[in-house]
>>> print(open('run21.cif').read())   # mmCIF, C-alpha atoms
data_run
loop_
_atom_site.group_PDB
_atom_site.id
_atom_site.type_symbol
_atom_site.label_atom_id
_atom_site.label_comp_id
_atom_site.auth_asym_id
_atom_site.auth_seq_id
_atom_site.Cartn_x
_atom_site.Cartn_y
_atom_site.Cartn_z
ATOM 1 C CA MET A 1 -13.977 22.454 -14.599
ATOM 2 C CA THR A 2 -13.716 20.203 -11.555
ATOM 3 C CA PRO A 3 -12.767 16.595 -12.399
ATOM 4 C CA VAL A 4 -14.973 13.647 -11.485
ATOM 5 C CA LEU A 5 -13.833 10.144 -10.563
ATOM 6 C CA LEU A 6 -15.820 7.411 -12.345
ATOM 7 C CA ILE A 7 -15.410 3.940 -10.804
ATOM 8 C CA THR A 8 -16.557 0.841 -12.669
ATOM 9 C CA ARG A 9 -15.752 -1.732 -9.960
ATOM 10 C CA PRO A 10 -18.479 -3.512 -8.000
ATOM 11 C CA LYS A 11 -19.016 -2.561 -4.380
ATOM 12 C CA PRO A 12 -17.394 -2.810 -1.849
ATOM 13 C CA ALA A 13 -14.185 -2.675 -3.934
ATOM 14 C CA ALA A 14 -15.400 0.582 -5.521
ATOM 15 C CA ASP A 15 -15.860 2.288 -2.147
ATOM 16 C CA ARG A 16 -12.476 1.083 -0.917
ATOM 17 C CA PHE A 17 -10.735 2.334 -4.053
ATOM 18 C CA ALA A 18 -12.480 5.728 -3.924
ATOM 19 C CA ARG A 19 -11.422 6.239 -0.300
ATOM 20 C CA ALA A 20 -7.835 5.300 -1.125
ATOM 21 C CA VAL A 21 -7.699 7.731 -4.070
ATOM 22 C CA ILE A 22 -9.158 10.579 -2.023
ATOM 23 C CA ASP A 23 -6.692 9.869 0.791
ATOM 24 C CA ALA A 24 -3.803 9.925 -1.701
ATOM 25 C CA LEU A 25 -5.145 13.105 -3.310
ATOM 26 C CA GLY A 26 -5.523 14.854 0.033
ATOM 27 C CA GLU A 27 -8.818 16.515 -0.829
ATOM 28 C CA PRO A 28 -12.377 15.456 -1.676
ATOM 29 C CA VAL A 29 -13.499 14.769 -5.214
ATOM 30 C CA ARG A 30 -16.877 13.882 -6.653
ATOM 31 C CA VAL A 31 -17.263 10.139 -7.235
ATOM 32 C CA VAL A 32 -19.726 8.430 -9.585
ATOM 33 C CA HIS A 33 -20.221 4.675 -9.299
ATOM 34 C CA ALA A 34 -21.027 2.743 -12.482
ATOM 35 C CA PRO A 35 -20.284 -0.941 -11.819
ATOM 36 C CA ALA A 36 -19.503 -2.759 -15.034
ATOM 37 C CA PHE A 37 -20.680 -6.161 -13.835
ATOM 38 C CA LYS A 38 -21.981 -8.144 -10.893
ATOM 39 C CA ILE A 39 -20.584 -11.429 -9.629
ATOM 40 C CA THR A 40 -22.893 -14.443 -9.886
ATOM 41 C CA PRO A 41 -21.686 -17.702 -8.260
ATOM 42 C CA LEU A 42 -21.915 -20.810 -10.442
ATOM 43 C CA GLU A 43 -22.586 -24.368 -9.404
ATOM 44 C CA VAL A 44 -19.528 -26.619 -9.590
ATOM 45 C CA ASP A 45 -20.384 -30.313 -9.698
ATOM 46 C CA ASP A 46 -16.974 -31.747 -8.929
ATOM 47 C CA VAL A 47 -14.430 -29.756 -6.921
ATOM 48 C CA PRO A 48 -11.039 -31.515 -6.783
ATOM 49 C CA ALA A 49 -9.172 -31.793 -3.477
ATOM 50 C CA PRO A 50 -6.023 -29.751 -4.171
ATOM 51 C CA ALA A 51 -2.748 -29.448 -2.341
ATOM 52 C CA HIS A 52 -2.585 -25.835 -3.527
ATOM 53 C CA VAL A 53 -5.145 -23.322 -4.793
ATOM 54 C CA ILE A 54 -4.609 -20.462 -7.221
ATOM 55 C CA PHE A 55 -6.577 -17.239 -6.895
ATOM 56 C CA THR A 56 -6.356 -14.512 -9.542
ATOM 57 C CA SER A 57 -8.906 -12.195 -7.912
ATOM 58 C CA THR A 58 -10.696 -11.588 -4.652
ATOM 59 C CA ASN A 59 -13.857 -12.775 -6.432
ATOM 60 C CA GLY A 60 -12.308 -16.227 -6.577
ATOM 61 C CA VAL A 61 -11.375 -16.115 -2.896
ATOM 62 C CA ALA A 62 -14.984 -15.235 -2.086
ATOM 63 C CA GLN A 63 -16.094 -18.637 -3.441
ATOM 64 C CA ALA A 64 -13.878 -20.623 -1.035
ATOM 65 C CA GLU A 65 -16.448 -21.166 1.696
ATOM 66 C CA ARG A 66 -19.274 -22.482 -0.461
ATOM 67 C CA LEU A 67 -16.875 -24.681 -2.472
ATOM 68 C CA LYS A 68 -15.494 -26.090 0.806
ATOM 69 C CA LEU A 69 -11.908 -25.596 -0.319
ATOM 70 C CA PRO A 70 -9.283 -26.974 2.080
ATOM 71 C CA ARG A 71 -7.151 -24.290 3.735
ATOM 72 C CA VAL A 72 -3.960 -25.075 1.877
ATOM 73 C CA THR A 73 -1.328 -22.828 0.323
ATOM 74 C CA ALA A 74 -2.963 -20.176 -1.847
ATOM 75 C CA TRP A 75 -0.934 -18.769 -4.734
ATOM 76 C CA CYS A 76 -2.367 -15.292 -5.315
ATOM 77 C CA VAL A 77 -1.950 -12.864 -8.173
ATOM 78 C CA GLY A 78 -1.478 -9.825 -5.911
ATOM 79 C CA ASP A 79 -1.416 -8.454 -2.382
ATOM 80 C CA ARG A 80 -5.128 -7.653 -2.139
ATOM 81 C CA THR A 81 -6.058 -11.187 -3.181
ATOM 82 C CA ALA A 82 -3.499 -12.637 -0.756
ATOM 83 C CA THR A 83 -4.887 -10.552 2.097
ATOM 84 C CA ALA A 84 -8.398 -11.861 1.387
ATOM 85 C CA ALA A 85 -7.116 -15.448 1.245
ATOM 86 C CA ASN A 86 -5.198 -15.075 4.507
ATOM 87 C CA ALA A 87 -8.353 -13.763 6.177
ATOM 88 C CA LEU A 88 -10.101 -17.038 5.308
ATOM 89 C CA GLY A 89 -7.324 -19.176 6.731
ATOM 90 C CA PHE A 90 -5.247 -19.938 3.640
ATOM 91 C CA GLU A 91 -1.464 -19.693 3.714
ATOM 92 C CA ALA A 92 -1.305 -17.058 1.009
ATOM 93 C CA ILE A 93 1.660 -16.188 -1.204
ATOM 94 C CA SER A 94 1.436 -13.042 -3.343
ATOM 95 C CA ALA A 95 3.050 -12.789 -6.775
ATOM 96 C CA GLY A 96 2.869 -9.008 -6.749
ATOM 97 C CA GLY A 97 0.361 -8.176 -9.433
ATOM 98 C CA SER A 98 0.114 -10.075 -12.723
ATOM 99 C CA ALA A 99 -0.727 -13.539 -14.015
ATOM 100 C CA ALA A 100 2.672 -13.739 -15.690
ATOM 101 C CA GLU A 101 4.396 -13.011 -12.365
ATOM 102 C CA LEU A 102 2.211 -15.602 -10.655
ATOM 103 C CA ILE A 103 3.133 -18.300 -13.156
ATOM 104 C CA ALA A 104 6.813 -17.365 -12.905
ATOM 105 C CA LEU A 105 6.658 -17.584 -9.100
ATOM 106 C CA ILE A 106 5.059 -21.034 -9.169
ATOM 107 C CA ARG A 107 7.627 -22.269 -11.681
ATOM 108 C CA GLU A 108 10.405 -20.935 -9.463
ATOM 109 C CA ARG A 109 9.073 -22.396 -6.193
ATOM 110 C CA GLN A 110 8.073 -25.751 -7.722
ATOM 111 C CA PRO A 111 5.224 -26.648 -5.320
ATOM 112 C CA LYS A 112 4.369 -30.349 -5.171
ATOM 113 C CA GLY A 113 0.921 -31.861 -5.508
ATOM 114 C CA PRO A 114 -2.254 -31.034 -7.453
ATOM 115 C CA MET A 115 -3.163 -27.381 -7.953
ATOM 116 C CA LEU A 116 -6.621 -25.851 -8.491
ATOM 117 C CA HIS A 117 -7.283 -22.502 -10.155
ATOM 118 C CA VAL A 118 -10.578 -20.949 -8.976
ATOM 119 C CA ALA A 119 -11.563 -18.611 -11.789
ATOM 120 C CA GLY A 120 -14.431 -16.678 -13.314
ATOM 121 C CA GLN A 121 -16.158 -17.373 -16.600
ATOM 122 C CA HIS A 122 -14.240 -14.568 -18.280
ATOM 123 C CA THR A 123 -10.554 -14.991 -17.566
ATOM 124 C CA ARG A 124 -7.388 -14.506 -19.561
ATOM 125 C CA GLY A 125 -4.157 -16.398 -19.908
ATOM 126 C CA ASP A 126 -5.341 -19.993 -19.259
ATOM 127 C CA ILE A 127 -3.150 -20.436 -16.199
ATOM 128 C CA PRO A 128 -3.849 -24.190 -15.769
ATOM 129 C CA ALA A 129 -2.729 -24.953 -19.355
ATOM 130 C CA ARG A 130 0.417 -22.868 -18.994
ATOM 131 C CA LEU A 131 1.320 -24.593 -15.750
ATOM 132 C CA ARG A 132 0.584 -28.051 -17.169
ATOM 133 C CA SER A 133 2.973 -27.255 -20.013
ATOM 134 C CA SER A 134 5.639 -26.811 -17.328
ATOM 135 C CA GLY A 135 4.878 -30.169 -15.756
ATOM 136 C CA PHE A 136 2.487 -29.131 -12.967
ATOM 137 C CA ASP A 137 -0.700 -31.011 -12.116
ATOM 138 C CA CYS A 138 -3.122 -28.101 -12.419
ATOM 139 C CA THR A 139 -6.837 -27.965 -13.162
ATOM 140 C CA GLY A 140 -9.278 -25.089 -13.232
ATOM 141 C CA ILE A 141 -12.895 -24.615 -12.229
ATOM 142 C CA THR A 142 -15.281 -21.856 -13.291
ATOM 143 C CA ALA A 143 -16.792 -20.765 -9.995
ATOM 144 C CA TYR A 144 -18.542 -17.523 -10.943
ATOM 145 C CA ARG A 145 -19.478 -15.332 -13.860
ATOM 146 C CA GLN A 146 -19.297 -11.578 -14.366
ATOM 147 C CA ASP A 147 -22.708 -10.408 -15.610
ATOM 148 C CA LEU A 148 -22.506 -7.119 -17.493
ATOM 149 C CA LEU A 149 -24.621 -4.256 -16.173
ATOM 150 C CA THR A 150 -26.221 -1.317 -17.954
ATOM 151 C CA PRO A 151 -24.635 2.039 -17.101
ATOM 152 C CA PRO A 152 -26.681 3.925 -14.470
ATOM 153 C CA LYS A 153 -28.297 7.278 -15.227
ATOM 154 C CA ALA A 154 -25.526 9.044 -13.299
ATOM 155 C CA ALA A 155 -22.980 7.711 -15.814
ATOM 156 C CA PHE A 156 -25.035 8.910 -18.799
ATOM 157 C CA ASP A 157 -25.360 12.345 -17.183
ATOM 158 C CA LEU A 158 -21.628 12.444 -16.552
ATOM 159 C CA ALA A 159 -20.797 11.504 -20.149
ATOM 160 C CA GLY A 160 -23.085 14.241 -21.450
ATOM 161 C CA GLY A 161 -21.617 16.923 -19.189
ATOM 162 C CA THR A 162 -18.561 19.132 -19.423
ATOM 163 C CA ASN A 163 -16.573 18.084 -16.348
ATOM 164 C CA PRO A 164 -13.407 16.120 -17.099
ATOM 165 C CA VAL A 165 -13.757 12.483 -16.067
ATOM 166 C CA VAL A 166 -11.010 10.228 -14.714
ATOM 167 C CA ALA A 167 -11.932 6.559 -15.142
ATOM 168 C CA PRO A 168 -9.671 3.838 -13.699
ATOM 169 C CA VAL A 169 -10.388 0.586 -15.560
ATOM 170 C CA PHE A 170 -9.190 -2.704 -14.094
ATOM 171 C CA SER A 171 -10.094 -5.176 -16.841
ATOM 172 C CA PRO A 172 -10.973 -5.190 -20.545
ATOM 173 C CA ARG A 173 -14.454 -6.436 -19.662
ATOM 174 C CA SER A 174 -15.024 -3.466 -17.353
ATOM 175 C CA ALA A 175 -14.347 -1.085 -20.239
ATOM 176 C CA HIS A 176 -17.753 -1.808 -21.771
ATOM 177 C CA ILE A 177 -19.268 0.830 -19.457
ATOM 178 C CA LEU A 178 -17.177 3.538 -21.131
ATOM 179 C CA VAL A 179 -17.691 2.181 -24.633
ATOM 180 C CA GLY A 180 -21.471 2.366 -24.271
ATOM 181 C CA LEU A 181 -21.561 6.095 -23.466
ATOM 182 C CA ALA A 182 -21.386 9.161 -25.724
ATOM 183 C CA TRP A 183 -18.661 11.291 -24.190
ATOM 184 C CA GLN A 184 -19.009 15.054 -24.609
ATOM 185 C CA GLY A 185 -16.336 16.213 -22.173
ATOM 186 C CA ALA A 186 -12.753 15.161 -21.561
ATOM 187 C CA LEU A 187 -12.260 11.486 -20.704
ATOM 188 C CA HIS A 188 -9.042 10.298 -19.065
ATOM 189 C CA VAL A 189 -8.694 6.513 -18.743
ATOM 190 C CA ILE A 190 -6.279 4.947 -16.268
ATOM 191 C CA ALA A 191 -5.625 1.445 -17.648
ATOM 192 C CA MET A 192 -4.423 -1.381 -15.441
ATOM 193 C CA SER A 193 -2.949 -3.284 -18.398
ATOM 194 C CA ALA A 194 -2.150 -3.077 -22.079
ATOM 195 C CA ALA A 195 -5.271 -5.174 -22.755
ATOM 196 C CA VAL A 196 -7.418 -2.488 -21.102
ATOM 197 C CA ALA A 197 -5.703 0.282 -23.058
ATOM 198 C CA GLU A 198 -6.346 -1.623 -26.277
ATOM 199 C CA GLU A 199 -10.022 -2.050 -25.395
ATOM 200 C CA VAL A 200 -10.579 1.728 -25.090
ATOM 201 C CA ALA A 201 -8.174 2.808 -27.838
ATOM 202 C CA HIS A 202 -10.999 3.545 -30.292
ATOM 203 C CA LEU A 203 -12.716 5.940 -27.888
ATOM 204 C CA GLU A 204 -11.986 9.642 -28.207
ATOM 205 C CA CYS A 205 -10.137 9.757 -24.898
ATOM 206 C CA ASP A 206 -8.100 12.815 -24.052
ATOM 207 C CA THR A 207 -5.561 10.519 -22.403
ATOM 208 C CA ILE A 208 -5.064 6.807 -21.851
ATOM 209 C CA LEU A 209 -2.520 6.274 -19.103
ATOM 210 C CA MET A 210 -1.038 2.928 -18.088
ATOM 211 C CA ALA A 211 -0.451 2.219 -14.410
ATOM 212 C CA GLN A 212 3.183 1.480 -13.547
ATOM 213 C CA SER A 213 2.234 -2.089 -12.640
ATOM 214 C CA PRO A 214 -0.975 -4.161 -12.694
ATOM 215 C CA THR A 215 -1.675 -3.591 -9.000
ATOM 216 C CA GLU A 216 -4.291 -1.714 -7.022
ATOM 217 C CA ALA A 217 -1.577 0.432 -5.425
ATOM 218 C CA ALA A 218 -0.289 1.514 -8.840
ATOM 219 C CA MET A 219 -3.848 2.269 -9.986
ATOM 220 C CA ILE A 220 -4.398 4.439 -6.907
ATOM 221 C CA ASP A 221 -1.159 6.322 -7.601
ATOM 222 C CA ALA A 222 -1.942 6.903 -11.293
ATOM 223 C CA THR A 223 -5.552 7.906 -10.655
ATOM 224 C CA SER A 224 -4.751 10.351 -7.864
ATOM 225 C CA ALA A 225 -1.885 11.842 -9.896
ATOM 226 C CA LYS A 226 -4.190 12.510 -12.855
ATOM 227 C CA LEU A 227 -6.860 14.053 -10.633
ATOM 228 C CA ARG A 228 -4.225 16.246 -8.977
ATOM 229 C CA ALA A 229 -2.974 17.439 -12.356
ATOM 230 C CA LEU A 230 -6.506 18.368 -13.435
ATOM 231 C CA LEU A 231 -7.224 20.164 -10.161
ATOM 232 C CA ASP A 232 -3.992 22.188 -10.474
ATOM 233 C CA ARG A 233 -4.833 23.502 -13.928
#
>>> encode(input="run21.cif", output="structure tokens")
Amino acid sequence: MTPVLLITRPKPAADRFARAVIDALGEPVRVVHAPAFKITPLEVDDVPAPAHVIFTSTNGVAQAERLKLPRVTAWCVGDRTATAANALGFEAISAGGSAAELIALIRERQPKGPMLHVAGQHTRGDIPARLRSSGFDCTGITAYRQDLLTPPKAAFDLAGGTNPVVAPVFSPRSAHILVGLAWQGALHVIAMSAAVAEEVAHLECDTILMAQSPTEAAMIDATSAKLRALLDR
């Protein structure tokens, strides 16, 4: 059976990822979009004036204009987030992929002045607290929330079919789309982190594969490799 790529990211990130996977694969593949959540901006009453900002996703960068953030140094979790920050006029520095690497980079570089983490309602790791424990002046604001969405009919149809499904999952919260479906065929999850793998561990997945690193590039590589292996069977 021909494999299907199921993407749980919101648009336009979903479209960008699908194109990248198909380019890496070198041949077309059917894609089903089932966004796990939508981004809803939240009102922030008091936005500090930082000397540095911290972005752990492009969703945070997208709030910069309405929050009137000064175009200071932006410490970014990965390359995609840094690219988005640079496009808005920040002087972006990428940590290469994970919150742990971002914290380690900040501790190494020792930036001076107050720092502001622009985060969503559902975030992990409490970066401001970890940086404060190392002596940094860091606060956080909750600038948006991730509202869970119901799986679309196309996802239910896919789960009830016989085609093998490859599902890259970028966050534990995104995994709820898979958890809410009754899978009849083979399900192959590409997990961006151990937390994602743990979230889907109770599902009857045929495989749960961890990306080599928590980056979009590694997720593209792992997803295209799994699709290629299924196509070559």
>>> residues_near_point(input="run21.cif", point="(-9.0, 4.5, -24.3)", cutoff="8 Å", atoms="only C-alpha atoms", output="list in words")
His188, Val189, Val196, Ala197, Glu198, Glu199, Val200, Ala201, His202, Leu203, Glu204, Cys205, Thr207 and Ile208 of chain A
>>> axis_aligned_box(input="run21.cif", around="region 116-123 of chain A", padding_each_side="4 Å", output="AutoDock Vina command-line options")
--center_x -11.4 --center_y -20.2 --center_z -13.4 --size_x 17.5 --size_y 19.3 --size_z 17.8
>>> resolve_selection(input="run21.cif", expression="the PyMOL selection byres ((chain A and resi 163) around 7)", output="PyMOL selection string")
chain A and resi 1-4+161-162+164-165+185
>>> atom_distance(input="run21.cif", atom1="CA of Ile22 (chain A)", atom2="CA of Ala191 (chain A)")
18.4 Å
>>> atom_distance(input="run21.cif", atom1="CA of Glu27 (chain A)", atom2="CA of Asp157 (chain A)")
23.6 Å
>>> closest_residue(input="run21.cif", among="A:Ala175, A:Ala167, A:Ala85, A:Leu148", to="Leu187 (chain A)", atoms="only C-alpha atoms")
A:Ala167
>>> resolve_selection(input="run21.cif", expression="the PyMOL selection byres ((chain A and resi 9) around 10)", output="compact mmCIF listing (two decimals) with C-alpha atoms, keeping the file's coordinate frame")
# COMPACT_ATOMS: atom_id res chain seq x y z
CA LEU A 6 -15.82 7.41 -12.34
CA ILE A 7 -15.41 3.94 -10.80
CA THR A 8 -16.56 0.84 -12.67
CA PRO A 10 -18.48 -3.51 -8.00
CA LYS A 11 -19.02 -2.56 -4.38
CA PRO A 12 -17.39 -2.81 -1.85
CA ALA A 13 -14.18 -2.68 -3.93
CA ALA A 14 -15.40 0.58 -5.52
CA ASP A 15 -15.86 2.29 -2.15
CA PHE A 17 -10.74 2.33 -4.05
CA HIS A 33 -20.22 4.68 -9.30
CA ALA A 34 -21.03 2.74 -12.48
CA PRO A 35 -20.28 -0.94 -11.82
CA ALA A 36 -19.50 -2.76 -15.03
CA PHE A 37 -20.68 -6.16 -13.84
CA LYS A 38 -21.98 -8.14 -10.89
CA PRO A 168 -9.67 3.84 -13.70
CA VAL A 169 -10.39 0.59 -15.56
CA PHE A 170 -9.19 -2.70 -14.09
CA SER A 171 -10.09 -5.18 -16.84
CA SER A 174 -15.02 -3.47 -17.35
>>> atom_distance(input="run21.cif", atom1="CA of Asp126 (chain A)", atom2="CA of Ala92 (chain A)")
20.9 Å
>>> resolve_selection(input="run21.cif", expression="the PyMOL selection byres ((chain A and resi 220) around 9)", output="list of chain:residue names")
A:Phe17, A:Ala18, A:Ala20, A:Val21, A:Ala24, A:Pro168, A:Ala211, A:Thr215, A:Glu216, A:Ala217, A:Ala218, A:Met219, A:Asp221, A:Ala222, A:Thr223, A:Ser224, A:Ala225
